[in-house]
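Engineer: Below is the structure I would like to discuss, written out as structure tokens.
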Amino acid sequence: MTALGPMEVGLLGLLAFIFGLDYIWVTPLGIWRPVVAGTITGFILGDPITGLLVGSLLEFVFAGLFTIGGGTVPEAATGTIASVVVAITAGLKPEAAVPLAIPVAVLTMNLEIVVRSFDAVFTHWADAEIERGNYDKIPLINIVGAVPWGLSRAIPIWGFVGALAINPQGVKAFIDALQVVQVGPLTIRFWDAMGVAGAVLPALGAAIMMKMMLSRETIAFYILGFALAAYLKLSLLAIALVAGSIIFALYLFTHREVFQQLSLSSGGTTVKGTATSKDFFRWFGLSWFIQSSWNYERMMGTGFAHGMLEIEKKLRKDPEELKSWMRLHNEFYNTEPHVHNAIYGMVISLEEQGADQDTIRGVKTALMGPFAGLGDSMIWFTLLPIAFLLGASLGVNGNILGPLVALIIWIPISWAIKYYSLVYGYKYGLSLSEVLKGDVLKVFREAVMAFAMAVIGGITATYVRATTPIVLAQYHGQVIKLQPVLDQLMPSLLPLLFTLFTYWLIKNKGYSYGKAVIILFLVAFILAILGVLG
């Protein structure tokens with residue numbers, strides 16, 4: 001077993017801390033995603049390919065696991081670091097290390113719950129400074145609020161990796177003892193069974209995405225993606241291109257009149273504001289901190305106050321008026337943090353036009369819910385998973401360009417959405433929200449979900465890996481195996497069954513993600529021990 005030194009332990013904890021900041025600062029880089037996090041961890045430990053393989057597999061496992069509103073889910077980055085460390089130091093196969101990510105990810109999730117409660121301290125601190133008139137402290141208060149988020153990632157990693165470093169021989173002896181275990185007449189090859197179970201776990205990510213997006217309207221596209229992968233053996237990128245072209249053409253021709261509403265030149269009224277390109281870039285930079293001190297009590301409230309401080313100081317010359325407006329912006333606020341910029345731009349524009357507090361509060365309250373639904377489906381359940389799953393589809397084959405491809409897709413598109421949401425929100429104001437209401441929003445979301453389901457269908461057939469070694473019969477020296485029979489019936493039938501089983505657990509039985517992954521793992525693990533899966 002490769003020994004870990006103090007330098008590696010310290011660097012890995014620092015890396016987890018940075019991943020926590022990337023996450024809470026609205027994922028400007030995306031480096032906390034498993035395919036990237038695993039590769040970076042591998043570089044630190046001198047084996048980037050193993051890190052890439054483990055991270056790529058975990059990208060499929062954690063696909064669709066995102067925090068919406070006040071919810072929490074197992075944290076992907078810490079689980080990835082822990083799995084890569086074990087795989088490299090203990091010499092495990094990448095698939096066998098994958099299940100080890102789950103307990104660490106769940107531990108971090110519970111620490112995150114503590115942080116989400118604790119960070120209300122920063123909001124109350126901002127309240128106190130607003131009452132004292134110390135408005136310039138708000139940016140510092142908001143940014144420092146991200147530190148507990150980073151520590152919630154770093155502490156589990158320092159503890160986990162530190163324990164491995166203290167007693168590497170004991171860990172090695174434990175791992176070796178589990179190689180082959182005899183239980184009565186049953187011989188258990190523990191790590192081989194772990195590898196089989198780890199290859200099945202991507203069914204969890206596919207099932208979670210299906211729970212969010214599968215419907216009577218999108219099931220045909222899931223079948224399309226599955227068929228393209230199972231029968232034509234197309235890559236995930238090819239499936240995305242083929243399905244995307246079909247969906248674009250289908251929705252363009254069947255909803256032509258709806259898309260015509262998106263022409264702001266004919267339907268929107270431009271606001272003659274005073275903002276320059278420098279202003280937009282500055283506001284864009286501030287908008288990355290909208291979630292910095294996120295907490296259960298006011299969620300993004302202090303982040304909004306941080307973003308509006310400069311505007312209020314410019315518009316409000318009376319001290320009491322300035323205090324009143326800063327109180328307003330430190331109130332409860334929560335929406336999707338990329339399309340939040342549309343609301344941010346509208347509020348700036350409306351205040352420059354002289355809107356009163358009731359109007360501003362009404363705009364924020366009325367729009368944060370609908371914009372959250374649009375942003376969540378567009379960013380967190382489509383753009384981000386597809387970008388990083390495409391990268392992971394290269395990474396599982398050992399292609400080191402996988403993480404780079406994911407970042408090349410994610411960074412420019414997510415930044416453009418965030419920037420132009422701000423610009424159009426400012427320039428078109430409430431007319432933009434009118435355009436995005438009704439059929440436009442409905443059709444756009446349907447198209448986005450259809451595209452995502454096609455990709456998930458491809459993932460089911462390609463990256464949920466389950467085969468059976470069962471021999472049906474031997475006839476004149478010829479071995480007849482079950483797997484070829486199943487392949488003739490339907491290629492990737494077992495992966496499909498495992499995915500549908502996981503979907504049934506989550507959707508129909510109402511099991512939590514944590515309970516579903518435990519059941520999925522145990523079923524696959526036991527079937528592997530019994531020789532049903534291999």
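Residue names in the structure tokens use chain letters A, B, ... in the order shown, residue numbers from 1 in each chain, and ligand numbers from 1 in the order shown.
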Contacts of Ala87 (chain A) at 9 Å or less, counting only C-alpha atoms, minus same-chain residues fewer than 6 places along, as a list in words?
Structural biologist: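 Using only C-alpha atoms, the neighbours found are Thr50, Gly51, Val54, Lys93, Pro94, Ala96, Ala97 and Val98 of chain A.
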Engineer: Residues as selected, C-alpha atoms, written as a PDB file, in the first residue's frame, can you do that?
Structural biologist:
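Output file selection.pdb follows:
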ATOM      1  CA  THR A  50      -6.696   6.014 -11.831  1.00  0.00           C
ATOM      2  CA  GLY A  51      -8.120   9.297 -10.540  1.00  0.00           C
ATOM      3  CA  VAL A  54     -12.693   6.587 -10.574  1.00  0.00           C
ATOM      4  CA  LYS A  93      -9.719  -1.551  -9.317  1.00  0.00           C
ATOM      5  CA  PRO A  94     -11.579   1.725 -10.031  1.00  0.00           C
ATOM      6  CA  ALA A  96     -14.227  -1.568  -6.544  1.00  0.00           C
ATOM      7  CA  ALA A  97     -13.400   1.862  -5.104  1.00  0.00           C
ATOM      8  CA  VAL A  98     -16.604   3.511  -6.375  1.00  0.00           C
TER       9      VAL A  98
END
Engineer: Sorted by chain and rising residue number, list the residues of region 40-77 of chain A at most 12 Å from region 14-22 of chain A (counting only C-alpha atoms), each with its closest atom pair and distance in Å to one decimal, as CSV.
Structural biologist:
residue,atom,partner,partner_atom,distance
A:Ile40,CA,A:Leu15,CA,8.7
A:Thr41,CA,A:Leu15,CA,8.1
A:Gly42,CA,A:Leu15,CA,11.8
A:Phe43,CA,A:Leu15,CA,11.8
A:Ile44,CA,A:Leu15,CA,9.8
A:Glu75,CA,A:Gly20,CA,9.7
A:Ala76,CA,A:Phe19,CA,9.9
A:Ala77,CA,A:Phe19,CA,6.9
Engineer: With N, CA, C and O atoms retained, export the selected residues as a short mmCIF file (atom, residue, chain, number, x, y, z; two decimals), in the first residue's frame.
Structural biologist:
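Once written, selection_6.cif looks like this:
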data_model
loop_
_atom_site.label_atom_id
_atom_site.label_comp_id
_atom_site.auth_asym_id
_atom_site.auth_seq_id
_atom_site.Cartn_x
_atom_site.Cartn_y
_atom_site.Cartn_z
N ILE A 40 -7.71 15.57 -10.61
CA ILE A 40 -6.80 16.43 -9.84
C ILE A 40 -6.24 15.67 -8.65
O ILE A 40 -5.05 15.75 -8.34
N THR A 41 -7.10 14.91 -7.97
CA THR A 41 -6.64 14.10 -6.84
C THR A 41 -5.59 13.10 -7.30
O THR A 41 -4.57 12.88 -6.63
N GLY A 42 -5.82 12.48 -8.46
CA GLY A 42 -4.86 11.54 -9.01
C GLY A 42 -3.52 12.19 -9.31
O GLY A 42 -2.45 11.60 -9.07
N PHE A 43 -3.54 13.41 -9.82
CA PHE A 43 -2.29 14.13 -10.08
C PHE A 43 -1.51 14.35 -8.78
O PHE A 43 -0.29 14.18 -8.74
N ILE A 44 -2.20 14.73 -7.73
CA ILE A 44 -1.53 14.96 -6.44
C ILE A 44 -0.87 13.67 -5.94
O ILE A 44 0.23 13.70 -5.39
N GLU A 75 -22.57 14.57 -0.99
CA GLU A 75 -21.65 15.53 -1.61
C GLU A 75 -20.61 14.80 -2.46
O GLU A 75 -19.85 13.97 -1.96
N ALA A 76 -20.56 15.13 -3.74
CA ALA A 76 -19.81 14.35 -4.71
C ALA A 76 -18.30 14.49 -4.58
O ALA A 76 -17.55 13.52 -4.73
N ALA A 77 -17.80 15.70 -4.31
CA ALA A 77 -16.36 15.94 -4.37
C ALA A 77 -15.60 15.19 -3.29
O ALA A 77 -14.56 14.57 -3.56
#
Engineer: Taking only region 238-400 of chain A into account, list the residues labelled helix (DSSP H, G or I) by DSSP (computed from the backbone), as a ChimeraX atom specification.
Structural biologist: /A:238-254,256-262,264-267,277-287,301-315,319-329,340-352,357-395
Engineer: Need to verify the contact set: Val106 (chain A), 8 Å, only C-alpha atoms, exclusion of same-chain residues closer than 2 positions in sequence. Can you return it as a ChimeraX atom specification?
Structural biologist: /A:73-75,102-104,108-110,514
Engineer: For the residues in the current selection, export C-alpha atoms as a PDB file, in the first residue's frame.
Structural biologist:
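And here is the file that came out, again_22.pdb:
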ATOM      1  CA  VAL A  73     -27.809  15.413  -1.169  1.00  0.00           C
ATOM      2  CA  PRO A  74     -24.631  13.321  -0.763  1.00  0.00           C
ATOM      3  CA  GLU A  75     -21.649  15.528  -1.612  1.00  0.00           C
ATOM      4  CA  ILE A 102     -21.049   6.945  -0.689  1.00  0.00           C
ATOM      5  CA  PRO A 103     -20.405   6.953   3.116  1.00  0.00           C
ATOM      6  CA  VAL A 104     -17.970   9.882   2.879  1.00  0.00           C
ATOM      7  CA  THR A 108     -20.261  15.556   4.234  1.00  0.00           C
ATOM      8  CA  MET A 109     -23.943  16.052   3.468  1.00  0.00           C
ATOM      9  CA  ASN A 110     -24.720  15.993   7.190  1.00  0.00           C
ATOM     10  CA  GLY A 514     -29.360   7.278   0.455  1.00  0.00           C
TER      11      GLY A 514
END
Engineer: I need the residues in region 104-253 of chain A that are strand (DSSP E or B) according to DSSP; give them as JSON, numbers by chain.
Structural biologist: {"A": [181, 182, 183, 186, 187, 188]}
Engineer: Any idea what's packed within 6 Å of region 444-452 of chain A, counting only C-alpha atoms, ignoring anything in its chain fewer than 2 positions away? Could you give it as a list in words?
Structural biologist: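 Contacts, with the query itself left out: Met213, Thr218, Phe221, Gly244, Thr382, Leu441, Lys442, Ala454 and Val455 of chain A.
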Engineer: Those residues you just picked out, can you put them in a file as a PDB file, in the first residue's frame with C-alpha atoms?
Structural biologist:
ATOM      1  CA  MET A 213     -37.732  14.577 -16.062  1.00  0.00           C
ATOM      2  CA  THR A 218     -40.227  12.513 -22.724  1.00  0.00           C
ATOM      3  CA  PHE A 221     -36.709  10.304 -26.171  1.00  0.00           C
ATOM      4  CA  GLY A 244     -30.544  17.319 -30.050  1.00  0.00           C
ATOM      5  CA  THR A 382     -29.416  19.574 -18.183  1.00  0.00           C
ATOM      6  CA  LEU A 441     -41.338  28.677 -20.632  1.00  0.00           C
ATOM      7  CA  LYS A 442     -43.398  25.476 -20.882  1.00  0.00           C
ATOM      8  CA  ALA A 454     -32.247  11.027 -24.623  1.00  0.00           C
ATOM      9  CA  VAL A 455     -28.795  11.388 -23.079  1.00  0.00           C
TER      10      VAL A 455
END
Engineer: Kindly give the distance, in Å, that separates CA of Val479 (chain A) and CA of Val196 (chain A), rounded to a single decimal.
Structural biologist: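 Computed distance, CA of Val479 (chain A) to CA of Val196 (chain A), equals 22.9 Å.
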Engineer: Could you check the closest approach to Ala387 (chain A) for each of A:Asn295, A:Thr502, A:Ser277, A:Ser414 and tell me which residue wins, using only C-alpha atoms?
Structural biologist: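 Using only C-alpha atoms, the shortest distance to Ala387 (chain A) belongs to A:Ser414.
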Engineer: Residues at most 9 Å from region 323-338 of chain A, counting only C-alpha atoms, excluding those fewer than 5 positions away in the same chain, as a ChimeraX atom specification?
Structural biologist: /A:26,68-69,123,126-127,130-133,135,287-288,290-291,297-306,308-309,312,316,318,357,360-361,364-365,367-376,379,414-415,417-419,421
Engineer: Could you write those residues out with C-alpha atoms, as a PDB file, in the first residue's frame?
Structural biologist:
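Written file, part-v4.pdb:
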ATOM      1  CA  VAL A  26     -22.169  28.958  -8.095  1.00  0.00           C
ATOM      2  CA  ILE A  68     -32.649  22.339  -4.892  1.00  0.00           C
ATOM      3  CA  GLY A  69     -34.093  24.964  -2.556  1.00  0.00           C
ATOM      4  CA  THR A 123     -26.961  37.203   8.009  1.00  0.00           C
ATOM      5  CA  ALA A 126     -25.070  41.841   8.371  1.00  0.00           C
ATOM      6  CA  ASP A 127     -28.315  42.990  10.053  1.00  0.00           C
ATOM      7  CA  ILE A 130     -26.732  47.685   8.542  1.00  0.00           C
ATOM      8  CA  GLU A 131     -28.294  49.153  11.695  1.00  0.00           C
ATOM      9  CA  ARG A 132     -24.921  50.667  12.616  1.00  0.00           C
ATOM     10  CA  GLY A 133     -24.509  52.093   9.122  1.00  0.00           C
ATOM     11  CA  TYR A 135     -22.466  48.933   5.008  1.00  0.00           C
ATOM     12  CA  SER A 287     -23.174  37.888  -8.776  1.00  0.00           C
ATOM     13  CA  TRP A 288     -20.928  34.845  -8.233  1.00  0.00           C
ATOM     14  CA  ILE A 290     -24.985  35.363  -4.327  1.00  0.00           C
ATOM     15  CA  GLN A 291     -24.896  32.043  -2.388  1.00  0.00           C
ATOM     16  CA  GLU A 297     -33.250  31.409   7.452  1.00  0.00           C
ATOM     17  CA  ARG A 298     -32.814  33.857   4.558  1.00  0.00           C
ATOM     18  CA  MET A 299     -31.042  31.716   1.973  1.00  0.00           C
ATOM     19  CA  MET A 300     -29.483  34.162  -0.563  1.00  0.00           C
ATOM     20  CA  GLY A 301     -30.615  37.325   1.224  1.00  0.00           C
ATOM     21  CA  THR A 302     -27.197  38.566   2.338  1.00  0.00           C
ATOM     22  CA  GLY A 303     -25.734  37.730  -1.060  1.00  0.00           C
ATOM     23  CA  PHE A 304     -28.380  39.943  -2.685  1.00  0.00           C
ATOM     24  CA  ALA A 305     -27.579  42.766  -0.260  1.00  0.00           C
ATOM     25  CA  HIS A 306     -23.889  42.376  -1.162  1.00  0.00           C
ATOM     26  CA  MET A 308     -26.911  45.765  -4.399  1.00  0.00           C
ATOM     27  CA  LEU A 309     -24.651  47.721  -2.006  1.00  0.00           C
ATOM     28  CA  GLU A 312     -27.887  51.716  -3.195  1.00  0.00           C
ATOM     29  CA  ARG A 316     -29.589  56.804  -1.773  1.00  0.00           C
ATOM     30  CA  ASP A 318     -30.094  60.049   2.797  1.00  0.00           C
ATOM     31  CA  GLN A 357     -39.656  49.273  -2.154  1.00  0.00           C
ATOM     32  CA  ILE A 360     -38.945  45.792  -5.807  1.00  0.00           C
ATOM     33  CA  ARG A 361     -40.039  43.374  -3.110  1.00  0.00           C
ATOM     34  CA  LYS A 364     -38.260  39.563  -6.299  1.00  0.00           C
ATOM     35  CA  THR A 365     -41.049  37.577  -4.656  1.00  0.00           C
ATOM     36  CA  LEU A 367     -40.098  35.993 -10.071  1.00  0.00           C
ATOM     37  CA  MET A 368     -37.769  33.984  -7.850  1.00  0.00           C
ATOM     38  CA  GLY A 369     -40.019  30.892  -7.934  1.00  0.00           C
ATOM     39  CA  PRO A 370     -40.644  30.675 -11.711  1.00  0.00           C
ATOM     40  CA  PHE A 371     -37.040  31.572 -12.500  1.00  0.00           C
ATOM     41  CA  ALA A 372     -35.854  28.887 -10.072  1.00  0.00           C
ATOM     42  CA  GLY A 373     -37.837  26.264 -11.990  1.00  0.00           C
ATOM     43  CA  LEU A 374     -36.456  27.461 -15.314  1.00  0.00           C
ATOM     44  CA  GLY A 375     -32.871  27.690 -14.069  1.00  0.00           C
ATOM     45  CA  ASP A 376     -32.857  24.370 -12.234  1.00  0.00           C
ATOM     46  CA  ILE A 379     -28.609  24.488 -15.613  1.00  0.00           C
ATOM     47  CA  SER A 414     -22.793  28.787 -17.959  1.00  0.00           C
ATOM     48  CA  TRP A 415     -20.892  32.085 -17.894  1.00  0.00           C
ATOM     49  CA  ILE A 417     -26.144  32.420 -19.430  1.00  0.00           C
ATOM     50  CA  LYS A 418     -25.215  34.227 -16.226  1.00  0.00           C
ATOM     51  CA  TYR A 419     -23.846  37.309 -17.993  1.00  0.00           C
ATOM     52  CA  SER A 421     -29.303  37.100 -18.023  1.00  0.00           C
TER      53      SER A 421
END
Engineer: Could you work out how far CA of Ser83 (chain A) lies from CA of Ser235 (chain A), giving the answer in Å with one decimal?
Structural biologist: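 Going from CA of Ser235 (chain A) over to CA of Ser83 (chain A), I get 26.3 Å.
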Engineer: Which residue, A:Thr462, A:Asn341, A:Thr274, A:Asn508, has the smallest gap to Gln353 (chain A) when you use only C-alpha atoms?
Structural biologist: A:Thr274
Engineer: Just want the 12 Å neighbourhood of Val147 (chain A), counted on only C-alpha atoms, with same-chain residues fewer than 3 positions away dropped. Output as an MDAnalysis selection string.
Structural biologist: chainID A and resid 14 16:25 112 115:116 118:119 122 140:144 150:155 292:294
Engineer: Could you write out the selected residues, including C-alpha atoms, as an mmCIF file, in the first residue's frame?
Structural biologist:
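The resulting part_31.cif:
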data_model
loop_
_atom_site.group_PDB
_atom_site.id
_atom_site.type_symbol
_atom_site.label_atom_id
_atom_site.label_comp_id
_atom_site.auth_asym_id
_atom_site.auth_seq_id
_atom_site.Cartn_x
_atom_site.Cartn_y
_atom_site.Cartn_z
ATOM 1 C CA LEU A 14 -7.031 22.058 0.925
ATOM 2 C CA ALA A 16 -11.584 19.696 -0.752
ATOM 3 C CA PHE A 17 -11.855 23.198 0.747
ATOM 4 C CA ILE A 18 -11.389 24.763 -2.703
ATOM 5 C CA PHE A 19 -14.007 22.408 -4.141
ATOM 6 C CA GLY A 20 -16.398 23.630 -1.448
ATOM 7 C CA LEU A 21 -15.829 27.238 -2.498
ATOM 8 C CA ASP A 22 -16.307 26.388 -6.168
ATOM 9 C CA TYR A 23 -19.595 24.743 -5.258
ATOM 10 C CA ILE A 24 -21.051 27.507 -3.097
ATOM 11 C CA TRP A 25 -19.789 30.270 -5.403
ATOM 12 C CA GLU A 112 -23.424 20.683 5.203
ATOM 13 C CA VAL A 115 -23.371 24.769 7.896
ATOM 14 C CA ARG A 116 -26.710 25.711 6.349
ATOM 15 C CA PHE A 118 -24.856 28.029 11.197
ATOM 16 C CA ASP A 119 -24.454 30.518 8.338
ATOM 17 C CA PHE A 122 -23.517 35.944 8.992
ATOM 18 C CA LEU A 140 -16.667 40.774 3.750
ATOM 19 C CA ILE A 141 -19.417 39.220 5.871
ATOM 20 C CA ASN A 142 -20.992 37.562 2.841
ATOM 21 C CA ILE A 143 -17.711 36.213 1.418
ATOM 22 C CA VAL A 144 -16.496 34.899 4.776
ATOM 23 C CA GLY A 150 -15.228 24.884 2.472
ATOM 24 C CA LEU A 151 -14.486 23.427 5.908
ATOM 25 C CA SER A 152 -17.461 21.065 5.634
ATOM 26 C CA ARG A 153 -15.567 19.464 2.743
ATOM 27 C CA ALA A 154 -12.047 19.726 4.123
ATOM 28 C CA ILE A 155 -12.685 18.272 7.591
ATOM 29 C CA SER A 292 -21.754 32.720 -0.352
ATOM 30 C CA SER A 293 -23.491 32.893 3.027
ATOM 31 C CA TRP A 294 -26.540 30.781 2.092
#
Engineer: Taking only C-alpha atoms into account, name the residue in A:Gly5, A:Gly398, A:Gly225, A:Pro99 that is nearest to Ile166 (chain A).
Structural biologist: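 Once distances to Ile166 (chain A) are computed over only C-alpha atoms, the minimum belongs to A:Gly5.
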Engineer: Of the candidates A:Met210, A:Val347, A:Leu12, A:Ala238, which one gets nearest to Tyr503 (chain A) if we count only C-alpha atoms?
Structural biologist: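 Using only C-alpha atoms, the shortest distance to Tyr503 (chain A) belongs to A:Met210.
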Engineer: Do a neighbour search on Met209 (chain A) at 8 Å with only C-alpha atoms, toss out local chain neighbours closer than 5 positions, and write the hits as JSON, numbers by chain.
Structural biologist: {"A": [63, 64, 214, 381, 453, 456]}
Engineer: Restricting the output to all heavy atoms, write the selected residues as a short mmCIF file (atom, residue, chain, number, x, y, z; two decimals), in the first residue's frame.
Structural biologist:
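Written file, part30.cif:
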data_model
loop_
_atom_site.label_atom_id
_atom_site.label_comp_id
_atom_site.auth_asym_id
_atom_site.auth_seq_id
_atom_site.Cartn_x
_atom_site.Cartn_y
_atom_site.Cartn_z
N ALA A 63 -24.71 11.85 -11.01
CA ALA A 63 -25.48 12.65 -11.96
C ALA A 63 -26.89 12.88 -11.42
O ALA A 63 -27.55 11.96 -10.96
CB ALA A 63 -25.54 11.95 -13.31
N GLY A 64 -27.35 14.11 -11.48
CA GLY A 64 -28.70 14.41 -11.02
C GLY A 64 -28.82 14.72 -9.54
O GLY A 64 -29.89 15.12 -9.08
N LEU A 214 -38.65 12.33 -16.42
CA LEU A 214 -39.37 11.34 -17.21
C LEU A 214 -40.88 11.59 -17.12
O LEU A 214 -41.43 11.76 -16.04
CB LEU A 214 -39.04 9.93 -16.73
CG LEU A 214 -39.54 8.79 -17.62
CD1 LEU A 214 -38.86 8.85 -18.98
CD2 LEU A 214 -39.28 7.44 -16.96
N PHE A 381 -30.05 20.35 -14.14
CA PHE A 381 -30.52 19.05 -14.59
C PHE A 381 -30.33 18.82 -16.08
O PHE A 381 -30.75 17.79 -16.60
CB PHE A 381 -32.00 18.87 -14.22
CG PHE A 381 -32.20 18.77 -12.74
CD1 PHE A 381 -32.92 19.74 -12.05
CD2 PHE A 381 -31.65 17.73 -12.02
CE1 PHE A 381 -33.09 19.66 -10.68
CE2 PHE A 381 -31.81 17.64 -10.65
CZ PHE A 381 -32.54 18.61 -9.97
N MET A 453 -33.39 13.45 -21.39
CA MET A 453 -33.82 12.06 -21.31
C MET A 453 -33.18 11.21 -22.40
O MET A 453 -32.89 10.02 -22.19
CB MET A 453 -35.34 11.97 -21.40
CG MET A 453 -36.05 12.23 -20.08
SD MET A 453 -35.62 11.02 -18.79
CE MET A 453 -34.25 11.84 -17.97
N ILE A 456 -29.78 10.44 -21.06
CA ILE A 456 -29.86 9.46 -19.96
C ILE A 456 -30.15 8.06 -20.50
O ILE A 456 -29.65 7.06 -19.98
CB ILE A 456 -30.95 9.88 -18.95
CG1 ILE A 456 -30.56 11.22 -18.30
CG2 ILE A 456 -31.13 8.82 -17.88
CD1 ILE A 456 -29.21 11.20 -17.63
#
Engineer: For Leu234 (chain A), which of A:Ile459, A:Ile348, A:Ile400, A:Ile343 is the closest residue, counting only C-alpha atoms?
Structural biologist: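 Counting only C-alpha atoms, the residue closest to Leu234 (chain A) is A:Ile459.
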Engineer: Interatomic distance between CA of Pro34 (chain A) and CA of Glu59 (chain A)?
Structural biologist: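 Atom-to-atom, CA of Pro34 (chain A) to CA of Glu59 (chain A), that is 5.2 Å.
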